[in-house]
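Structure data (CSV, C-alpha atoms) from model_18.csv:
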```csv
chain,number,residue,atom,x,y,z
L,30,MET,CA,51.7,124.0,-147.0
L,31,SER,CA,50.2,120.7,-145.8
L,32,ASN,CA,52.3,118.5,-143.6
L,33,ILE,CA,53.8,115.7,-145.7
L,34,ILE,CA,54.4,112.7,-143.4
L,35,HIS,CA,56.2,109.6,-144.7
L,36,ILE,CA,54.7,106.6,-143.0
L,37,THR,CA,57.2,104.6,-140.9
L,38,ASP,CA,54.8,103.1,-138.3
L,39,PHE,CA,51.7,101.4,-139.4
L,40,ASN,CA,50.4,101.3,-135.8
L,41,ASP,CA,50.2,105.1,-135.6
L,42,PRO,CA,46.7,105.9,-134.2
L,43,SER,CA,46.5,108.7,-136.8
L,44,LEU,CA,46.1,106.0,-139.5
L,45,ASP,CA,43.2,104.3,-137.7
L,46,VAL,CA,40.6,106.0,-139.9
L,47,TYR,CA,42.1,104.3,-143.0
L,48,VAL,CA,43.0,100.9,-141.8
L,49,ARG,CA,41.4,99.9,-138.5
L,50,LEU,CA,38.1,101.6,-137.8
L,51,THR,CA,34.9,99.9,-139.0
L,52,GLY,CA,32.2,101.8,-140.9
L,53,SER,CA,30.1,102.0,-137.8
L,54,GLN,CA,33.0,103.4,-135.8
L,55,LEU,CA,33.7,106.0,-138.5
L,56,ARG,CA,30.0,107.0,-138.5
L,57,ASN,CA,30.1,107.4,-134.7
L,58,LYS,CA,26.3,107.3,-134.1
L,59,LEU,CA,26.8,108.0,-130.4
L,60,GLU,CA,28.6,111.3,-131.1
L,61,PRO,CA,27.6,112.3,-134.7
L,62,GLU,CA,29.6,115.5,-134.5
L,63,LYS,CA,32.8,113.3,-134.4
L,64,GLY,CA,31.7,111.2,-137.4
L,65,ILE,CA,34.2,110.7,-140.3
L,66,LEU,CA,33.8,109.6,-143.9
L,67,ILE,CA,36.4,108.4,-146.4
L,68,ALA,CA,36.5,109.9,-149.9
L,69,GLU,CA,38.5,107.8,-152.4
L,70,SER,CA,40.2,109.0,-155.6
L,71,PRO,CA,41.3,112.6,-156.5
L,72,THR,CA,38.1,113.1,-158.5
L,73,VAL,CA,35.8,112.2,-155.7
L,74,ILE,CA,37.8,114.2,-153.1
L,75,GLU,CA,37.6,117.3,-155.4
L,76,VAL,CA,33.8,116.9,-155.6
L,77,ALA,CA,33.6,116.7,-151.8
L,78,LEU,CA,35.8,119.7,-151.3
L,79,ASN,CA,33.7,121.6,-153.9
L,80,SER,CA,30.6,120.7,-151.9
L,81,GLY,CA,32.0,122.1,-148.7
L,82,TYR,CA,33.2,119.0,-146.9
L,83,GLU,CA,35.9,119.6,-144.4
L,84,PRO,CA,39.1,117.5,-144.8
L,85,ILE,CA,40.9,116.0,-141.8
L,86,SER,CA,43.9,114.1,-143.4
L,87,ILE,CA,45.0,112.5,-146.7
L,88,LEU,CA,46.6,109.1,-147.4
L,89,THR,CA,48.3,108.9,-150.8
L,90,ASP,CA,50.8,107.2,-153.0
L,91,GLU,CA,54.0,109.3,-152.8
L,92,ARG,CA,54.3,109.4,-156.6
L,93,LEU,CA,51.1,111.5,-156.7
L,94,ILE,CA,52.3,114.2,-154.3
L,95,ASN,CA,53.4,116.4,-157.1
L,96,GLY,CA,50.9,115.0,-159.6
L,97,ALA,CA,47.2,114.1,-159.4
L,98,VAL,CA,46.9,115.0,-155.7
L,99,ALA,CA,48.9,118.2,-155.8
L,100,ASN,CA,45.9,120.4,-156.3
L,101,ILE,CA,44.1,118.7,-153.4
L,102,ILE,CA,47.0,119.2,-151.1
L,103,ASP,CA,47.1,122.9,-152.1
L,104,ARG,CA,43.4,123.2,-151.2
L,105,CYS,CA,43.9,121.6,-147.8
L,106,PRO,CA,46.7,123.6,-146.1
L,107,GLY,CA,47.8,122.4,-142.7
L,108,ILE,CA,46.3,119.0,-142.7
L,109,PRO,CA,48.4,115.8,-142.4
L,110,VAL,CA,49.3,114.1,-145.7
L,111,TYR,CA,50.4,110.6,-145.0
L,112,THR,CA,52.3,109.0,-147.8
L,113,ALA,CA,54.4,105.9,-148.7
L,114,ASP,CA,55.2,103.9,-151.8
L,115,ARG,CA,52.5,101.9,-153.4
L,116,ASP,CA,53.7,98.5,-152.1
L,117,LEU,CA,53.8,99.7,-148.5
L,118,LEU,CA,50.3,101.2,-148.8
L,119,THR,CA,49.0,98.0,-150.3
L,120,LYS,CA,50.4,96.1,-147.3
L,121,MET,CA,48.9,98.6,-144.9
L,122,THR,CA,45.4,98.9,-146.3
L,123,GLY,CA,45.1,95.3,-147.6
L,124,PHE,CA,44.4,96.3,-151.2
L,125,GLU,CA,46.1,98.3,-153.9
L,126,LEU,CA,45.3,102.0,-153.9
L,127,THR,CA,44.5,102.0,-157.6
L,128,ARG,CA,42.9,105.4,-157.3
L,129,GLY,CA,45.9,106.8,-155.6
L,130,ALA,CA,44.4,108.7,-152.7
L,131,LEU,CA,42.0,108.6,-149.7
L,132,CYS,CA,40.8,111.6,-147.7
L,133,ALA,CA,39.2,111.5,-144.3
L,134,MET,CA,36.5,114.1,-143.9
L,135,ARG,CA,34.1,115.3,-141.3
L,136,ARG,CA,30.5,114.2,-141.6
L,137,PRO,CA,28.2,117.2,-141.8
L,138,ALA,CA,25.1,117.5,-139.5
L,139,LEU,CA,22.0,116.3,-141.4
L,140,PRO,CA,19.2,118.7,-141.9
L,141,THR,CA,15.6,117.9,-140.9
L,142,VAL,CA,13.3,116.5,-143.5
L,143,GLU,CA,11.3,119.7,-143.4
L,144,GLU,CA,14.3,121.8,-144.0
L,145,LEU,CA,15.6,119.6,-146.8
L,146,ILE,CA,12.5,119.3,-148.9
L,147,LYS,CA,10.7,122.6,-148.3
L,148,ASP,CA,11.3,123.7,-151.9
L,149,ALA,CA,11.5,120.3,-153.6
L,150,ARG,CA,9.2,119.0,-156.2
L,151,ARG,CA,10.6,115.5,-156.7
L,152,VAL,CA,12.2,113.5,-154.0
L,153,ALA,CA,13.4,109.9,-153.8
L,154,VAL,CA,12.8,107.8,-150.7
L,155,LEU,CA,14.9,104.7,-150.3
L,156,GLU,CA,13.3,102.0,-148.1
L,157,ALA,CA,15.7,99.5,-146.4
L,158,VAL,CA,18.1,99.5,-149.4
L,159,THR,CA,21.0,97.7,-147.8
L,160,ASP,CA,23.5,97.3,-150.6
L,161,SER,CA,26.1,100.1,-150.7
L,162,THR,CA,26.6,99.7,-154.5
L,163,ASN,CA,22.9,100.2,-155.1
L,164,ILE,CA,22.8,103.2,-152.8
L,165,GLY,CA,25.7,104.8,-154.7
L,166,ALA,CA,24.1,104.0,-158.0
L,167,LEU,CA,20.8,105.5,-156.9
L,168,PHE,CA,22.5,108.7,-155.8
L,169,ARG,CA,24.3,109.0,-159.1
L,170,SER,CA,21.0,108.6,-161.0
L,171,ALA,CA,19.3,111.1,-158.7
L,172,ALA,CA,22.0,113.7,-159.4
L,173,ALA,CA,22.0,113.1,-163.1
L,174,LEU,CA,18.2,113.0,-163.6
L,175,GLY,CA,17.1,115.9,-161.5
L,176,ILE,CA,15.9,114.5,-158.2
L,177,ASP,CA,15.8,117.4,-155.7
L,178,ALA,CA,16.6,115.4,-152.6
L,179,VAL,CA,16.9,111.8,-151.2
L,180,LEU,CA,15.4,110.5,-148.0
L,181,ILE,CA,16.8,107.4,-146.3
L,182,THR,CA,14.6,105.2,-144.1
L,183,PRO,CA,16.1,104.1,-140.8
L,184,THR,CA,17.1,100.6,-142.0
L,185,CYS,CA,19.0,101.8,-145.1
L,186,CYS,CA,22.7,101.5,-145.8
L,187,ASP,CA,24.8,104.6,-144.9
L,188,PRO,CA,25.1,106.7,-148.1
L,189,LEU,CA,28.5,108.0,-146.8
L,190,CYS,CA,30.1,104.6,-146.4
L,191,ARG,CA,33.2,104.1,-148.5
L,192,ARG,CA,31.8,101.9,-151.3
L,193,ALA,CA,28.6,104.1,-151.7
L,194,VAL,CA,30.7,107.2,-152.0
L,195,ARG,CA,33.0,105.5,-154.6
L,196,VAL,CA,30.1,104.1,-156.7
L,197,SER,CA,28.3,107.4,-156.7
L,198,MET,CA,31.4,109.1,-158.0
L,199,GLY,CA,30.9,111.7,-155.3
L,200,THR,CA,27.3,112.6,-156.1
L,201,VAL,CA,26.4,111.7,-152.5
L,202,PHE,CA,28.1,115.0,-151.7
L,203,GLN,CA,26.0,116.9,-154.2
L,204,VAL,CA,22.5,115.6,-153.8
L,205,PRO,CA,20.8,116.9,-150.6
L,206,TRP,CA,19.8,114.0,-148.4
L,207,THR,CA,18.8,113.1,-144.8
L,208,ARG,CA,17.2,110.4,-142.8
L,209,ILE,CA,13.4,110.2,-142.5
L,210,GLY,CA,13.3,108.9,-138.9
L,211,GLU,CA,16.0,107.3,-136.7
L,212,MET,CA,14.2,104.2,-135.4
L,213,PRO,CA,12.4,101.4,-137.4
L,214,GLU,CA,9.1,102.5,-136.0
L,215,ASP,CA,9.5,105.9,-137.7
L,216,TRP,CA,8.7,104.2,-141.1
L,217,PRO,CA,6.5,103.7,-143.0
L,218,LYS,CA,3.4,105.0,-141.4
L,219,VAL,CA,4.9,108.0,-139.5
L,220,GLY,CA,7.2,108.8,-142.4
L,221,ILE,CA,4.5,108.7,-145.1
L,222,GLU,CA,2.2,110.9,-143.0
L,223,ARG,CA,5.1,113.3,-142.6
L,224,LEU,CA,5.5,113.5,-146.4
L,225,HIS,CA,1.7,114.0,-146.8
L,226,SER,CA,1.7,116.8,-144.3
L,227,LEU,CA,4.4,118.5,-146.4
L,228,GLY,CA,2.3,118.4,-149.5
L,229,PHE,CA,3.8,115.4,-151.2
L,230,LYS,CA,1.9,112.7,-153.0
L,231,THR,CA,3.6,109.3,-152.5
L,232,VAL,CA,4.5,106.9,-155.2
L,233,ALA,CA,5.2,103.2,-154.3
L,234,MET,CA,7.3,101.5,-157.0
L,235,ALA,CA,5.7,98.1,-156.9
L,236,LEU,CA,3.9,95.4,-158.9
L,237,THR,CA,0.3,94.9,-157.7
L,238,ASP,CA,-3.1,94.5,-159.3
L,239,LYS,CA,-3.6,98.2,-158.7
L,240,SER,CA,-0.4,99.5,-160.2
L,241,VAL,CA,-0.6,102.2,-162.8
L,242,SER,CA,1.9,102.7,-165.5
L,243,ILE,CA,4.8,105.0,-164.8
L,244,ASP,CA,3.8,107.2,-167.8
L,245,ASP,CA,0.3,107.8,-166.4
L,246,PRO,CA,-0.5,111.5,-167.0
L,247,ALA,CA,-1.9,111.8,-163.5
L,248,LEU,CA,1.6,111.4,-162.1
L,249,LYS,CA,3.1,114.1,-164.3
L,250,ALA,CA,0.3,116.5,-163.2
L,251,GLU,CA,1.3,116.2,-159.5
L,252,GLU,CA,3.1,119.2,-158.2
L,253,ARG,CA,5.1,117.3,-155.6
L,254,LEU,CA,6.0,113.6,-155.7
L,255,ALA,CA,7.9,111.3,-153.3
L,256,ILE,CA,9.1,108.3,-155.3
L,257,ILE,CA,9.6,105.4,-152.9
L,258,LEU,CA,11.9,102.4,-153.9
L,259,GLY,CA,12.2,99.3,-151.8
L,260,THR,CA,14.9,96.9,-150.6
L,261,GLU,CA,16.7,94.4,-152.9
L,262,GLY,CA,14.7,91.2,-153.5
L,263,ASP,CA,11.5,91.8,-151.4
L,264,GLY,CA,10.8,95.4,-152.6
L,265,LEU,CA,8.5,97.7,-150.7
L,266,SER,CA,6.7,96.5,-147.6
L,267,LYS,CA,2.9,95.9,-147.8
L,268,ASP,CA,2.3,98.6,-145.3
L,269,THR,CA,4.2,101.1,-147.4
L,270,ILE,CA,2.3,100.2,-150.5
L,271,ALA,CA,-1.0,100.5,-148.7
L,272,ASP,CA,-0.2,103.9,-147.3
L,273,CYS,CA,0.9,105.5,-150.6
L,274,ASP,CA,-1.2,107.5,-152.9
L,275,TYR,CA,-0.1,105.7,-156.1
L,276,THR,CA,1.4,102.3,-156.8
L,277,VAL,CA,3.4,102.5,-160.0
L,278,ARG,CA,4.9,99.9,-162.3
L,279,ILE,CA,7.5,100.1,-165.1
L,280,PRO,CA,6.1,98.4,-168.2
L,281,MET,CA,8.4,95.5,-169.2
L,282,LYS,CA,8.7,92.9,-172.0
L,283,HIS,CA,9.8,89.3,-172.3
L,284,ASN,CA,8.1,88.3,-169.1
L,285,VAL,CA,10.6,90.2,-167.0
L,286,ASP,CA,8.8,91.1,-163.8
L,287,SER,CA,11.3,93.4,-162.1
L,288,LEU,CA,14.5,95.4,-162.3
L,289,ASN,CA,17.4,95.9,-159.9
L,290,VAL,CA,16.4,98.7,-157.6
L,291,ALA,CA,19.2,101.0,-159.0
L,292,ALA,CA,18.0,100.4,-162.5
L,293,ALA,CA,14.3,100.9,-161.5
L,294,GLY,CA,15.3,104.1,-159.8
L,295,ALA,CA,17.0,105.5,-162.9
L,296,VAL,CA,13.9,104.8,-165.0
L,297,ALA,CA,11.5,106.3,-162.4
L,298,PHE,CA,13.7,109.4,-162.0
L,299,TRP,CA,13.9,110.0,-165.7
L,300,GLU,CA,10.2,109.6,-166.3
L,301,LEU,CA,8.8,111.4,-163.3
L,302,THR,CA,11.1,114.4,-163.5
L,303,LYS,CA,10.1,115.3,-167.0
```
Please, can you express the file's structure as structure tokens?
Amino acid sequence: MSNIIHITDFNDPSLDVYVRLTGSQLRNKLEPEKGILIAESPTVIEVALNSGYEPISILTDERLINGAVANIIDRCPGIPVYTADRDLLTKMTGFELTRGALCAMRRPALPTVEELIKDARRVAVLEAVTDSTNIGALFRSAAALGIDAVLITPTCCDPLCRRAVRVSMGTVFQVPWTRIGEMPEDWPKVGIERLHSLGFKTVAMALTDKSVSIDDPALKAEERLAIILGTEGDGLSKDTIADCDYTVRIPMKHNVDSLNVAAAGAVAFWELTK
């Protein structure tokens, strides 16, 4: 049976992961093996557990101990379960725990790009996407629409930050992903060459004079595609576009020239995984 601990001291260091550590501190880039993520809501926690993530502790509304969180507690024997009434938790965390539960979990070691995509046919590459909401939405679309893996460039937002996990509804735990390079100089030239060496044709989602339509039959005929989506606002860098095999546009009406990156990703994933 997990250890139910009623919170009496908000300064307890055991609660730091929930209320005092920054996202960067949780990620712990200097010692990745000590990195922690926060899964929020019983649904998302269950997805993480089903995907093999290791729980460290739980913070929950005491009214859910024998309700919505009971099954999670049963699945995590021996870990601390910190609890208090909702008003106290709101005071401690600074917001209402409307979803009822948080779970601190260990971050797994990331695979190499080569390991991750050795059997993949369609992968998404996210270039400098910095908004955690967009990251979460892109992962959710990738999961729903059959993308085999996601690659994150060095300047992207962390897919395991709390908001991205929440927006993705836990699909960040289901879609295989890793970083394609650790330093800014690892992308785009080095990274795209790496994709080419692994047998992928690269697709830059961008509006240029040379863009082909996303329903171009040549794209469907490619055995392996890496679909590259760019940062909010500016889109892909000129160097990325120049180094890619295809530049692809989504046909639009009413003089609309672009979509939000998450929306564009969903369209691209749907069309290019057919």
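If you count all atoms listed in the file and ignore residues fewer than 4 places along the chain from Ser86 (chain L), what sits within 6 Å of it is Ile108, Pro109, Val110, Cys132 and Ala133 of chain L.
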Write out as a ChimeraX atom specification the residues lying within 9 Å of Met198 (chain L), counting all atoms listed in the file and excluding same-chain residues fewer than 3 positions away.
/L:72-73,76,165-166,169,193-195,201
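Using only C-alpha atoms, the nearest neighbour of Phe229 (chain L) within the list L:Gly96, L:Asp116, L:Ser170, L:Ile146 is L:Ile146.
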Could you give me, as an mmCIF file with C-alpha atoms, in the frame of the given file, the residues within 12 Å of Arg151 (chain L), counting all atoms listed in the file and dropping anything in the same chain fewer than 5 positions from it?
```
data_model
loop_
_atom_site.group_PDB
_atom_site.id
_atom_site.type_symbol
_atom_site.label_atom_id
_atom_site.label_comp_id
_atom_site.auth_asym_id
_atom_site.auth_seq_id
_atom_site.Cartn_x
_atom_site.Cartn_y
_atom_site.Cartn_z
ATOM 1 C CA LEU L 145 15.600 119.600 -146.800
ATOM 2 C CA ILE L 146 12.500 119.300 -148.900
ATOM 3 C CA ALA L 171 19.300 111.100 -158.700
ATOM 4 C CA ALA L 172 22.000 113.700 -159.400
ATOM 5 C CA LEU L 174 18.200 113.000 -163.600
ATOM 6 C CA GLY L 175 17.100 115.900 -161.500
ATOM 7 C CA ILE L 176 15.900 114.500 -158.200
ATOM 8 C CA ASP L 177 15.800 117.400 -155.700
ATOM 9 C CA ALA L 178 16.600 115.400 -152.600
ATOM 10 C CA VAL L 179 16.900 111.800 -151.200
ATOM 11 C CA LEU L 180 15.400 110.500 -148.000
ATOM 12 C CA PRO L 205 20.800 116.900 -150.600
ATOM 13 C CA LEU L 224 5.500 113.500 -146.400
ATOM 14 C CA GLY L 228 2.300 118.400 -149.500
ATOM 15 C CA PHE L 229 3.800 115.400 -151.200
ATOM 16 C CA LYS L 230 1.900 112.700 -153.000
ATOM 17 C CA THR L 231 3.600 109.300 -152.500
ATOM 18 C CA VAL L 232 4.500 106.900 -155.200
ATOM 19 C CA LEU L 248 1.600 111.400 -162.100
ATOM 20 C CA LYS L 249 3.100 114.100 -164.300
ATOM 21 C CA GLU L 251 1.300 116.200 -159.500
ATOM 22 C CA GLU L 252 3.100 119.200 -158.200
ATOM 23 C CA ARG L 253 5.100 117.300 -155.600
ATOM 24 C CA LEU L 254 6.000 113.600 -155.700
ATOM 25 C CA ALA L 255 7.900 111.300 -153.300
ATOM 26 C CA ILE L 256 9.100 108.300 -155.300
ATOM 27 C CA ILE L 257 9.600 105.400 -152.900
ATOM 28 C CA ALA L 297 11.500 106.300 -162.400
ATOM 29 C CA PHE L 298 13.700 109.400 -162.000
ATOM 30 C CA TRP L 299 13.900 110.000 -165.700
ATOM 31 C CA GLU L 300 10.200 109.600 -166.300
ATOM 32 C CA LEU L 301 8.800 111.400 -163.300
ATOM 33 C CA THR L 302 11.100 114.400 -163.500
ATOM 34 C CA LYS L 303 10.100 115.300 -167.000
#
```
Applying 12 Å and only C-alpha atoms, which residues near Ile33 (chain L) remain after dropping the ones on its own chain fewer than 2 positions away? List them as an MDAnalysis selection string.
chainID L and resid 30:31 35:36 86:91 94:95 99 102:103 105:113
Go through L:Leu265, L:Cys185, L:Ala153, L:Val46 one by one, measure the shortest atom-to-atom distance of each to Ala295 (chain L) using all atoms listed in the file, and give the residue with the smallest value.
L:Ala153
Which distance in Å separates CA of Ile209 (chain L) and CA of Pro183 (chain L), to one decimal?
6.9 Å
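Interatomic distance, CA of Ala130 (chain L) to CA of Val158 (chain L): 28.1 Å.
Distances here use all atoms listed in the file; by that measure, the residue among L:Pro42, L:Gly52, L:Leu167, L:Arg115 closest to Gly199 (chain L) is L:Leu167.
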Using all atoms listed in the file, the shortest atom-to-atom distance to Pro84 (chain L) among L:Pro71, L:Arg136, L:Met281, L:Asn289 belongs to L:Arg136
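Distance check against Asn100 (chain L) using all atoms listed in the file: of L:Glu75, L:Asp160, L:Glu69, L:Asp263, the minimum falls on L:Glu75.
Each of L:Asn163, L:Ser226, L:Ser266, L:Ser197 was compared to Ala68 (chain L) using all atoms listed in the file, and L:Ser197 turns out to be the nearest.
Across the model, the gap from CA of Ile279 (chain L) to CA of Thr237 (chain L) is 11.6 Å.
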Per residue of region 141-249 of chain L within 12 Å of region 268-277 of chain L, note the shortest atom pair and the distance in Å to one decimal, counting all atoms listed in the file, and order the rows by chain and increasing residue number, as JSON lines.
```
{"residue": "L:Val154", "atom": "CA", "partner": "L:Thr269", "partner_atom": "CA", "distance": 11.4}
{"residue": "L:Leu155", "atom": "CA", "partner": "L:Thr269", "partner_atom": "CA", "distance": 11.7}
{"residue": "L:Glu156", "atom": "CA", "partner": "L:Thr269", "partner_atom": "CA", "distance": 9.2}
{"residue": "L:Ala157", "atom": "CA", "partner": "L:Thr269", "partner_atom": "CA", "distance": 11.7}
{"residue": "L:Thr182", "atom": "CA", "partner": "L:Thr269", "partner_atom": "CA", "distance": 11.7}
{"residue": "L:Trp216", "atom": "CA", "partner": "L:Thr269", "partner_atom": "CA", "distance": 8.3}
{"residue": "L:Pro217", "atom": "CA", "partner": "L:Thr269", "partner_atom": "CA", "distance": 5.6}
{"residue": "L:Lys218", "atom": "CA", "partner": "L:Asp272", "partner_atom": "CA", "distance": 7.0}
{"residue": "L:Val219", "atom": "CA", "partner": "L:Asp272", "partner_atom": "CA", "distance": 10.2}
{"residue": "L:Gly220", "atom": "CA", "partner": "L:Thr269", "partner_atom": "CA", "distance": 9.7}
{"residue": "L:Ile221", "atom": "CA", "partner": "L:Asp272", "partner_atom": "CA", "distance": 7.1}
{"residue": "L:Glu222", "atom": "CA", "partner": "L:Asp272", "partner_atom": "CA", "distance": 8.6}
{"residue": "L:Arg223", "atom": "CA", "partner": "L:Asp272", "partner_atom": "CA", "distance": 11.8}
{"residue": "L:Leu224", "atom": "CA", "partner": "L:Cys273", "partner_atom": "CA", "distance": 10.1}
{"residue": "L:His225", "atom": "CA", "partner": "L:Cys273", "partner_atom": "CA", "distance": 9.3}
{"residue": "L:Gly228", "atom": "CA", "partner": "L:Asp274", "partner_atom": "CA", "distance": 11.9}
{"residue": "L:Phe229", "atom": "CA", "partner": "L:Asp274", "partner_atom": "CA", "distance": 9.5}
{"residue": "L:Lys230", "atom": "CA", "partner": "L:Asp274", "partner_atom": "CA", "distance": 6.1}
{"residue": "L:Thr231", "atom": "CA", "partner": "L:Cys273", "partner_atom": "CA", "distance": 5.0}
{"residue": "L:Val232", "atom": "CA", "partner": "L:Tyr275", "partner_atom": "CA", "distance": 4.8}
{"residue": "L:Ala233", "atom": "CA", "partner": "L:Thr276", "partner_atom": "CA", "distance": 4.6}
{"residue": "L:Met234", "atom": "CA", "partner": "L:Val277", "partner_atom": "CA", "distance": 5.0}
{"residue": "L:Ala235", "atom": "CA", "partner": "L:Val277", "partner_atom": "CA", "distance": 5.9}
{"residue": "L:Leu236", "atom": "CA", "partner": "L:Val277", "partner_atom": "CA", "distance": 7.2}
{"residue": "L:Thr237", "atom": "CA", "partner": "L:Thr276", "partner_atom": "CA", "distance": 7.5}
{"residue": "L:Asp238", "atom": "CA", "partner": "L:Thr276", "partner_atom": "CA", "distance": 9.3}
{"residue": "L:Lys239", "atom": "CA", "partner": "L:Thr276", "partner_atom": "CA", "distance": 6.7}
{"residue": "L:Ser240", "atom": "CA", "partner": "L:Thr276", "partner_atom": "CA", "distance": 4.8}
{"residue": "L:Val241", "atom": "CA", "partner": "L:Val277", "partner_atom": "CA", "distance": 4.9}
{"residue": "L:Ser242", "atom": "CA", "partner": "L:Val277", "partner_atom": "CA", "distance": 5.7}
{"residue": "L:Ile243", "atom": "CA", "partner": "L:Val277", "partner_atom": "CA", "distance": 5.6}
{"residue": "L:Asp244", "atom": "CA", "partner": "L:Val277", "partner_atom": "CA", "distance": 9.1}
{"residue": "L:Asp245", "atom": "CA", "partner": "L:Val277", "partner_atom": "CA", "distance": 8.9}
{"residue": "L:Ala247", "atom": "CA", "partner": "L:Tyr275", "partner_atom": "CA", "distance": 9.8}
{"residue": "L:Leu248", "atom": "CA", "partner": "L:Tyr275", "partner_atom": "CA", "distance": 8.4}
```
